[in-house]
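final-v4.txt (compact mmCIF, C-alpha atoms) appears below.
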```
# COMPACT_ATOMS: atom_id res chain seq x y z
CA GLY A 19 17.73 5.31 -35.03
CA ALA A 20 14.05 4.35 -34.75
CA LEU A 21 11.46 6.86 -35.93
CA LEU A 22 9.31 8.49 -33.27
CA SER A 23 5.76 7.15 -33.26
CA ALA A 24 2.89 9.54 -33.94
CA PRO A 25 1.58 9.22 -30.35
CA LEU A 26 5.02 10.05 -28.96
CA VAL A 27 5.37 13.10 -31.21
CA CYS A 28 1.94 14.38 -30.07
CA HIS A 29 2.88 13.80 -26.45
CA LEU A 30 6.16 15.69 -26.87
CA PHE A 31 4.29 18.61 -28.45
CA ARG A 32 1.98 18.72 -25.43
CA ARG A 33 4.95 18.83 -23.08
CA LEU A 34 6.57 21.57 -25.18
CA ARG A 35 3.36 23.62 -25.10
CA GLN A 36 3.37 23.56 -21.30
CA MET A 37 6.98 24.86 -21.23
CA LEU A 38 6.30 27.83 -23.53
CA PRO A 39 5.21 31.22 -22.13
CA PRO A 40 1.69 32.46 -22.89
CA GLY A 41 1.43 33.98 -26.34
CA ALA A 42 4.48 32.18 -27.72
CA SER A 43 4.18 31.42 -31.43
CA GLY A 44 5.50 28.72 -33.73
CA ALA A 45 5.53 25.41 -31.92
CA ALA A 46 2.86 26.65 -29.50
CA THR A 47 0.48 27.26 -32.40
CA LEU A 48 1.14 23.79 -33.76
CA CYS A 49 0.57 22.25 -30.33
CA GLU A 50 -2.81 23.99 -29.97
CA ARG A 51 -4.13 22.18 -33.05
CA ARG A 52 -5.16 19.19 -31.02
CA GLU A 53 -7.12 16.18 -32.07
CA PRO A 54 -9.83 14.65 -29.84
CA ARG A 55 -8.55 12.46 -27.02
CA LEU A 56 -10.10 9.54 -25.15
CA ALA A 57 -9.63 10.89 -21.63
CA HIS A 58 -10.98 8.41 -19.08
CA TRP A 59 -13.48 5.69 -18.23
CA VAL A 60 -16.04 6.14 -15.45
CA ILE A 61 -16.71 3.26 -13.04
CA ARG A 62 -18.79 2.85 -9.86
CA CYS A 63 -17.49 2.09 -6.38
CA SER A 64 -19.38 0.93 -3.29
CA ASP A 65 -16.44 1.05 -0.84
CA LEU A 66 -13.76 3.57 -1.69
CA ARG A 67 -10.97 2.83 0.82
CA PRO A 68 -10.34 -0.81 -0.20
CA ALA A 69 -10.81 0.14 -3.86
CA LEU A 70 -7.99 2.68 -3.63
CA VAL A 71 -5.81 0.07 -1.94
CA PHE A 72 -6.49 -2.27 -4.86
CA PHE A 73 -5.65 0.38 -7.44
CA GLU A 74 -2.38 1.23 -5.70
CA ARG A 75 -1.11 -2.25 -4.90
CA VAL A 76 -2.27 -4.03 -8.05
CA LEU A 77 -2.18 -1.35 -10.76
CA GLY A 78 0.17 1.21 -9.24
CA PHE A 79 -2.46 3.97 -9.40
CA VAL A 80 -2.82 6.85 -6.95
CA PRO A 81 -5.49 9.55 -6.54
CA ILE A 82 -4.95 12.43 -8.96
CA ARG A 83 -7.73 14.52 -7.45
CA HIS A 84 -10.84 13.95 -5.37
CA GLU A 85 -14.04 15.91 -5.05
CA GLU A 86 -17.14 15.64 -2.87
CA ASN A 87 -20.54 16.62 -4.27
CA ALA A 88 -23.57 17.33 -2.09
CA GLU A 89 -26.01 17.10 -5.00
CA PRO A 90 -26.39 14.48 -7.75
CA CYS A 91 -24.72 15.29 -11.06
CA ALA A 92 -27.06 17.01 -13.52
CA ILE A 93 -25.59 14.94 -16.37
CA THR A 94 -25.57 11.68 -14.33
CA CYS A 95 -21.81 11.39 -13.90
CA ASN A 96 -22.63 9.40 -10.76
CA GLY A 97 -25.24 7.33 -12.56
CA ARG A 98 -28.97 7.67 -12.05
CA TYR A 99 -28.79 8.16 -8.29
CA ASN A 100 -30.39 11.04 -6.43
CA ASN A 101 -27.86 11.45 -3.66
CA ALA A 102 -24.58 13.00 -2.57
CA TRP A 103 -21.58 11.46 -4.30
CA SER A 104 -17.86 11.71 -4.80
CA LYS A 105 -15.44 11.10 -7.61
CA THR A 106 -11.78 10.16 -7.43
CA MET A 107 -9.58 10.31 -10.51
CA VAL A 108 -6.87 7.65 -10.36
CA GLY A 109 -3.82 6.96 -12.51
CA LEU A 110 -0.06 6.87 -12.33
CA LYS A 111 1.74 9.50 -10.26
CA ASP A 112 2.61 12.58 -12.32
CA HIS A 113 0.25 11.49 -15.10
CA PHE A 114 -1.97 14.56 -15.39
CA GLU A 115 -5.45 14.18 -16.84
CA ASP A 116 -4.80 16.56 -19.73
CA GLU A 117 -2.07 14.23 -21.04
CA TRP A 118 -2.84 10.73 -19.86
CA TYR A 119 -5.76 8.33 -19.55
CA CYS A 120 -7.22 7.60 -16.11
CA LEU A 121 -10.21 6.16 -14.27
CA GLU A 122 -13.00 8.21 -12.73
CA VAL A 123 -14.13 6.28 -9.65
CA THR A 124 -17.60 7.43 -8.59
CA TYR A 125 -19.04 6.68 -5.15
CA ASN A 126 -22.72 7.20 -4.31
CA TYR A 127 -23.49 7.76 -0.64
CA GLY A 128 -26.06 5.25 0.51
CA VAL A 129 -25.34 2.72 -2.26
CA THR A 130 -23.59 -0.30 -0.79
CA ALA A 131 -23.49 -2.60 -3.83
CA TYR A 132 -23.74 -2.60 -7.62
CA THR A 133 -24.85 -5.40 -9.93
CA PRO A 134 -22.43 -5.96 -12.83
CA ASP A 135 -23.84 -6.23 -16.34
CA ASP A 136 -22.43 -8.11 -19.33
CA ALA A 137 -21.48 -5.07 -21.44
CA LEU A 138 -18.11 -3.75 -20.27
CA GLN A 139 -15.76 -6.75 -20.45
CA TYR A 140 -12.52 -5.47 -18.99
CA ILE A 141 -10.00 -2.64 -18.89
CA ALA A 142 -6.52 -3.62 -20.09
CA VAL A 143 -3.66 -2.12 -18.08
CA GLY A 144 0.10 -2.54 -18.35
CA VAL A 145 1.99 -3.26 -15.13
CA PRO A 146 5.74 -3.73 -14.47
CA ASP A 147 5.31 -7.35 -13.30
CA VAL A 148 2.10 -9.20 -14.16
CA ALA A 149 2.72 -12.12 -11.79
CA SER A 150 3.38 -9.77 -8.86
CA ALA A 151 0.25 -7.74 -9.63
CA VAL A 152 -1.89 -10.90 -9.77
CA ALA A 153 -0.38 -12.06 -6.49
CA ALA A 154 -1.13 -8.68 -4.89
CA ALA A 155 -4.76 -8.92 -6.04
CA ARG A 156 -5.10 -12.38 -4.54
CA GLU A 157 -3.55 -11.23 -1.27
CA LEU A 158 -6.25 -8.56 -1.09
CA GLY A 159 -8.93 -11.22 -1.56
CA PHE A 160 -9.70 -10.66 -5.24
CA SER A 161 -9.93 -13.44 -7.80
CA ALA A 162 -7.75 -13.95 -10.86
CA ASP A 163 -8.82 -15.80 -14.00
CA GLY A 164 -5.71 -17.64 -15.14
CA CYS A 165 -2.61 -15.51 -14.96
CA SER A 166 -3.72 -12.13 -16.29
CA ILE A 167 -7.37 -11.16 -15.69
CA VAL A 168 -8.20 -9.91 -12.20
CA THR A 169 -11.72 -9.21 -10.94
CA GLY A 170 -11.40 -6.16 -8.71
CA PRO A 171 -13.74 -4.05 -6.56
CA ASP A 172 -17.42 -4.06 -7.57
CA GLY A 173 -16.85 -6.76 -10.17
CA TYR A 174 -14.76 -4.76 -12.65
CA ARG A 175 -12.24 -6.88 -14.53
CA TYR A 176 -8.72 -5.78 -15.41
CA LYS A 177 -6.54 -7.56 -17.93
CA LEU A 178 -2.94 -7.18 -16.80
CA LEU A 179 -0.34 -6.82 -19.53
CA PRO A 180 3.43 -6.27 -19.46
CA LEU A 181 4.09 -2.53 -19.32
CA ARG A 182 5.63 -1.56 -22.67
CA ARG A 183 5.04 2.20 -22.89
CA PRO A 184 4.66 5.23 -20.58
CA GLU A 185 0.84 5.09 -20.87
CA PRO A 186 -0.22 2.11 -18.72
CA PHE A 187 -3.80 1.89 -20.04
CA ALA A 188 -3.93 -0.22 -23.20
CA TYR A 189 -7.59 -0.47 -24.25
CA VAL A 190 -11.14 -1.04 -23.00
CA LYS A 191 -12.96 -4.14 -24.29
CA LEU A 192 -16.70 -3.76 -24.90
CA ARG A 193 -19.20 -6.43 -25.90
CA VAL A 194 -21.53 -5.25 -28.64
CA ARG A 195 -24.28 -6.85 -30.66
CA ASP A 196 -23.06 -5.77 -34.09
CA VAL A 197 -19.52 -4.51 -34.72
CA ARG A 198 -20.61 -2.83 -37.95
CA ALA A 199 -23.28 -0.79 -36.17
CA THR A 200 -20.83 0.18 -33.44
CA HIS A 201 -18.21 1.13 -36.03
CA ALA A 202 -20.74 3.25 -37.91
CA PHE A 203 -21.77 5.16 -34.78
CA TYR A 204 -18.30 5.96 -33.46
CA CYS A 205 -16.64 6.63 -36.82
CA ASN A 206 -19.49 8.23 -38.75
CA LYS A 207 -21.20 10.04 -35.87
CA LEU A 208 -18.44 10.86 -33.36
CA GLY A 209 -15.50 11.13 -35.72
CA PHE A 210 -13.48 8.20 -34.33
CA GLU A 211 -10.99 6.41 -36.55
CA ASP A 212 -10.81 2.69 -37.24
CA LEU A 213 -7.39 1.73 -35.86
CA THR A 214 -7.76 -1.99 -36.43
CA GLY A 215 -5.12 -1.99 -39.15
CA ARG A 216 -2.59 -0.17 -36.99
CA PHE A 217 -2.63 -2.55 -34.02
CA ALA A 218 -2.87 -6.30 -33.67
CA LEU A 219 -6.14 -7.47 -32.13
CA PRO A 220 -5.71 -9.41 -28.88
CA ASP A 221 -6.50 -13.13 -29.15
CA ASP A 222 -9.76 -12.73 -27.21
CA CYS A 223 -10.92 -9.87 -29.46
CA ALA A 224 -10.94 -11.70 -32.80
CA GLY A 225 -13.31 -10.13 -35.30
CA GLY A 226 -13.49 -6.93 -33.29
CA ALA A 227 -12.82 -3.31 -34.21
CA ILE A 228 -10.29 -1.00 -32.57
CA LEU A 229 -11.79 2.50 -32.40
CA GLY A 230 -10.23 5.71 -31.17
CA PHE A 231 -8.08 8.66 -32.20
CA ARG A 232 -4.47 8.95 -33.30
CA ASP A 233 -3.44 11.74 -30.93
CA GLY A 234 -1.62 11.01 -27.69
CA TRP A 235 -0.86 7.65 -26.15
CA GLN A 236 -3.79 5.85 -27.69
CA VAL A 237 -6.23 4.08 -25.34
CA PRO A 238 -8.92 2.88 -27.76
CA ILE A 239 -12.05 0.87 -27.23
CA ILE A 240 -12.21 -2.60 -28.78
CA ALA A 241 -15.72 -3.63 -29.79
CA VAL A 242 -16.31 -7.38 -29.95
CA ALA A 243 -19.62 -9.02 -30.93
CA ASP A 244 -21.10 -12.41 -30.13
CA GLY A 245 -24.58 -11.88 -31.59
CA ARG A 246 -26.34 -11.63 -28.24
CA PRO A 247 -28.18 -8.51 -27.01
CA VAL A 248 -26.11 -6.32 -24.71
CA GLU A 249 -27.51 -5.69 -21.24
CA TRP A 250 -25.91 -2.31 -20.54
CA SER A 251 -26.49 -0.66 -17.18
CA GLY A 252 -25.05 2.20 -15.22
CA TRP A 253 -22.47 -0.22 -13.80
CA SER A 254 -20.62 -0.17 -17.13
CA GLY A 255 -20.05 3.56 -16.65
CA ARG A 256 -19.14 5.76 -19.57
CA LEU A 257 -16.29 7.00 -21.73
CA ALA A 258 -15.13 10.63 -21.63
CA VAL A 259 -13.68 12.30 -24.73
CA SER A 260 -11.86 15.64 -24.69
CA MET A 261 -12.75 17.34 -27.98
CA ALA A 262 -12.68 20.85 -29.43
CA ALA A 263 -15.88 22.79 -28.68
CA GLU A 264 -16.71 23.45 -32.32
CA GLN A 265 -16.27 19.78 -33.18
CA ILE A 266 -18.64 18.78 -30.36
CA LYS A 267 -21.26 21.14 -31.78
CA GLU A 268 -20.84 19.65 -35.25
CA VAL A 269 -21.06 16.10 -33.90
CA TYR A 270 -24.20 16.97 -31.97
CA LYS A 271 -25.92 18.32 -35.08
CA GLY A 272 -25.59 14.89 -36.71
CA LEU A 273 -27.12 12.90 -33.85
CA GLY A 274 -30.69 11.72 -33.69
CA ALA A 275 -32.70 11.96 -30.48
CA GLU A 276 -32.17 8.24 -29.84
CA HIS A 277 -28.44 8.90 -29.38
CA VAL A 278 -28.77 11.83 -26.93
CA VAL A 279 -28.72 11.18 -23.18
CA HIS A 280 -28.20 14.80 -22.11
CA GLU A 281 -28.61 17.64 -24.57
CA LEU A 282 -25.74 19.88 -25.59
CA GLN A 283 -24.98 22.50 -22.94
CA VAL A 284 -22.88 25.65 -23.23
CA ILE A 285 -22.16 26.92 -19.73
CA ASP A 286 -20.58 30.39 -19.57
CA ASP A 287 -18.62 31.61 -16.57
CA GLN A 288 -15.52 33.68 -15.85
CA LEU A 289 -13.29 30.87 -17.14
CA GLY A 290 -15.00 30.76 -20.53
CA PRO A 291 -17.64 28.53 -22.13
CA LEU A 292 -17.88 24.87 -21.20
CA VAL A 293 -19.41 22.79 -23.99
CA ILE A 294 -20.60 19.31 -22.98
CA THR A 295 -23.07 16.62 -23.99
CA ILE A 296 -23.73 12.96 -23.18
CA VAL A 297 -24.53 10.58 -26.04
CA ARG A 298 -25.23 6.86 -26.38
CA ASP A 299 -24.32 4.25 -28.99
CA PRO A 300 -26.65 1.52 -30.38
CA ASP A 301 -25.93 -0.78 -27.41
CA GLY A 302 -26.45 1.91 -24.76
CA TYR A 303 -22.81 2.72 -23.98
CA GLU A 304 -22.54 6.36 -22.99
CA THR A 305 -19.89 8.88 -24.03
CA CYS A 306 -19.31 12.29 -22.50
CA LEU A 307 -18.05 14.81 -25.05
CA VAL A 308 -16.44 17.71 -23.18
CA CYS A 309 -14.58 20.65 -24.70
CA GLN A 310 -10.82 20.40 -24.41
CA GLU A 311 -10.51 24.18 -24.14
CA ARG A 312 -11.93 23.95 -20.60
CA PHE A 313 -11.58 20.32 -19.57
CA ASP A 314 -7.82 20.02 -20.02
CA PRO A 315 -6.70 23.19 -18.18
CA ASP A 316 -9.40 22.82 -15.52
CA THR A 317 -8.36 19.28 -14.61
CA ARG A 318 -4.70 20.22 -14.43
CA ALA A 319 -5.49 23.17 -12.16
CA ALA A 320 -7.58 20.90 -9.91
CA THR A 321 -4.85 18.27 -9.51
CA THR A 322 -3.77 17.80 -5.89
CA TRP A 323 -2.43 14.19 -5.78
CA THR A 324 -4.44 13.71 -2.59
CA GLY A 325 -7.27 11.31 -1.84
CA PRO A 326 -10.43 11.46 0.27
CA ASP A 327 -10.80 12.56 3.87
CA PHE A 328 -12.00 9.21 5.20
CA ALA A 329 -12.72 10.53 8.70
CA MET A 330 -15.14 13.06 7.22
CA ARG A 331 -16.69 10.39 5.00
CA ARG A 332 -17.12 7.98 7.93
CA LYS A 333 -19.00 10.63 9.90
CA PHE A 334 -21.13 11.64 6.90
CA ILE A 335 -22.05 8.03 6.07
CA ASP A 336 -22.83 6.89 9.61
CA GLU A 337 -24.98 9.92 10.36
CA ARG A 338 -27.31 8.92 7.51
CA ALA A 339 -27.11 5.14 7.42
CA PRO A 340 -29.32 2.68 9.29
CA LYS A 341 -27.62 1.18 12.31
CA SER A 342 -27.16 -2.09 10.49
CA ASP A 343 -25.19 -0.36 7.71
CA ARG A 344 -22.95 1.86 9.79
CA GLY A 345 -19.27 1.20 9.28
CA LYS A 346 -19.90 -0.92 6.19
CA SER A 347 -18.68 1.45 3.50
CA SER A 348 -16.07 4.17 3.23
```
As C-alpha cells, the full file:
Amino acid sequence: GALLSAPLVCHLFRRLRQMLPPGASGAATLCERREPRLAHWVIRCSDLRPALVFFERVLGFVPIRHEENAEPCAITCNGRYNNAWSKTMVGLKDHFEDEWYCLEVTYNYGVTAYTPDDALQYIAVGVPDVASAVAAARELGFSADGCSIVTGPDGYRYKLLPLRRPEPFAYVKLRVRDVRATHAFYCNKLGFEDLTGRFALPDDCAGGAILGFRDGWQVPIIAVADGRPVEWSGWSGRLAVSMAAEQIKEVYKGLGAEHVVHELQVIDDQLGPLVITIVRDPDGYETCLVCQERFDPDTRAATTWTGPDFAMRRKFIDERAPKSDRGKSS
C-alpha cells in the first residue's frame, strides 16, 4: 500500500493525543513534541452577514467561533482602528483551529469599506466542484476571473482548486519585491523551511518560493516577486503561527527593531503564560507568533460552531451610525 505522508502522520498523532487520558505516556509524549504550525490568515470585513453567506455557499466554510470586543485589540488584530470590533473564525465544519487552517474575519464597527492593496494576491482553497463554486459566487454578485479565481467580499481573491485532501486550504500567494530577502527572513529569522522542492509551484507562481513548516496539513505561503515595490496595508491582514513558547522567545532574540510590530509579551493568568509577539517581514507583511501551549487548547475550548448575533449587531451599529449609514452594514 501507499506510504502515509508526513502531514498525515502528524495529523494522526494529534488525533491520538486528544483520545489519550491526561498523563498518558508513550504516544502522548511523542505527540507533544510539536513543530510550529501556520494556523490562519487574518482578513478584514466591512459587512459580515453577506461575507458569511459567501464563505458558506462558495467555499463551504462555517463559523467556528465568534467574539465581540468592546475595545480595540492591543496588538492590532483588528488593524489600526480605535473602535469596537469582532472576529469570526471560519473553516470547514468539525475542523478545529488546533488542527486545521482557517480564516480570521475581522469586522471594525464604523468602518464601511476597505481599500485593497497589491500585496496579498489570493488565498487558494480546494472545493468539491470548482465550476459549482464559481457559479455560486456569480449568483451572489461576485466576479470570477476565468474559471477559478473569484473576487469575494472586500476585494479578497480566492483561487478555487479541486479538493484533493482533507485540508481545504492550499496556500496563500504573496507578492514580494525580492524572493531571496523574503526567504532569508522567514527561514533564517522565523525558522520556516523552504518547501519549494517538495511541491510543484503553480503556473502563476513561477520563480517563487514555498515557505512553511512540515507539520500538519501544510498551508504554506508562496512568495512571488515582480521587481516592483510592495504596497502593503492593513487590508492584507496577517499570518498567525502557533509555535512553542521557548521557540518564540529564541526567534524574538534574533530580530532587529525594524522587524518588530509589537514587542514580545508574556501574559500570566490562571491558565498559564501566554507568549505572543507581532513581527514584520521586509515587505511589511505581519506575522503573529503565539505560543501553542495556550493558543491550541484555548481555541478548542472556545469553539461553539455558532456565528454572530445579527440582531444585537444591528442595534449596536445603528445606535452609533449617522442616519445615512444606518442599515448599511451588519
Requested in this report: Do a neighbour search on Cys223 of chain A at 10 Å with all atoms listed in the file, toss out local chain neighbours closer than 5 positions, and write the hits as an MDAnalysis selection string.
Outcome: chainID A and resid 191:193 218 228 240:243
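A straight line drawn from atom CA of Gly245 of chain A to atom CA of Tyr303 of chain A is 16.6 Å long.
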Query raised in the report: Interatomic distance between atom CA of Ser260 of chain A and atom CA of Gly226 of chain A?
Result: 24.2 Å
Query raised in the report: Could you list as a VMD selection string every residue that has an atom within 10 Å of (-16.2, 2.2, 7.6), using the file's coordinates and counting only C-alpha atoms?
Result: chain A and resid 65 to 67 328 to 329 331 to 333 335 to 336 343 to 348
Query raised in the report: What does the distance between atom CA of Leu208 of chain A and atom CA of Glu268 of chain A come to in Å, to one decimal place?
Result: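 Those two atoms sit 9.3 Å apart.
Comparing A:Val259, A:Leu178, A:Cys205, A:Val293 by their smallest distance to Cys120 of chain A, the closest is A:Val259 (using all atoms listed in the file).
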Please produce, as JSON lines, a per-residue contact table for segment 98-214 of chain A versus segment 273-286 of chain A (criterion: any atom at most 12 Å away, only C-alpha atoms considered), showing the nearest atom pair and its distance in Å to one decimal, sorted by chain then residue number.
```
{"residue": "A:Arg98", "atom": "CA", "partner": "A:Val279", "partner_atom": "CA", "distance": 11.7}
{"residue": "A:Phe203", "atom": "CA", "partner": "A:His277", "partner_atom": "CA", "distance": 9.4}
{"residue": "A:Tyr204", "atom": "CA", "partner": "A:Leu273", "partner_atom": "CA", "distance": 11.2}
{"residue": "A:Asn206", "atom": "CA", "partner": "A:Leu273", "partner_atom": "CA", "distance": 10.2}
{"residue": "A:Lys207", "atom": "CA", "partner": "A:Leu273", "partner_atom": "CA", "distance": 6.9}
{"residue": "A:Leu208", "atom": "CA", "partner": "A:Leu273", "partner_atom": "CA", "distance": 8.9}
{"residue": "A:Gly209", "atom": "CA", "partner": "A:Leu273", "partner_atom": "CA", "distance": 11.9}
```
Dump of C-alpha atoms for the selected residues, as a compact mmCIF listing (two decimals), in the coordinates of the input:
```txt
# COMPACT_ATOMS: atom_id res chain seq x y z
CA ARG A 98 -28.97 7.67 -12.05
CA PHE A 203 -21.77 5.16 -34.78
CA TYR A 204 -18.30 5.96 -33.46
CA ASN A 206 -19.49 8.23 -38.75
CA LYS A 207 -21.20 10.04 -35.87
CA LEU A 208 -18.44 10.86 -33.36
CA GLY A 209 -15.50 11.13 -35.72
```
Query raised in the report: Hey, what's within 10 Å of segment 315-317 of chain A if we count only C-alpha atoms and toss same-chain stuff fewer than 5 positions away? As a list in words, please?
Result: Ile82, Arg83, Met107, Phe114, Glu115, Asp116, Leu289, Gln310 and Thr322 of chain A
Query raised in the report: Around (-17.3, 3.6, -6.9) in the file's frame, which residues reach within 12 Å when counting only C-alpha atoms? Return as a count of residues only?
Result: 43
Requested in this report: For each of A:Asn101, A:Thr305, A:Ala188, A:Asp212, take the minimum atom-to-atom distance to Arg338 of chain A, counting only C-alpha atoms, then give the residue where this is smallest.
Outcome: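 Looking at the shortest contact to Arg338 of chain A, the residue is A:Asn101.
Proximity to Gln265 of chain A at 9 Å, evaluated using all atoms listed in the file and with sequence-adjacent residues fewer than 5 positions away removed, yields Pro54, Tyr270 and Cys309 of chain A.
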If you take every atom of segment 133-149 of chain A that the file lists and fit an axis-aligned box around them with 3 Å extra on each side, what centre and edge lengths come out in Å to one decimal, as JSON?
```
{"center_x": -9.6, "center_y": -7.1, "center_z": -15.7, "size_x": 36.6, "size_y": 16.0, "size_z": 17.5}
```
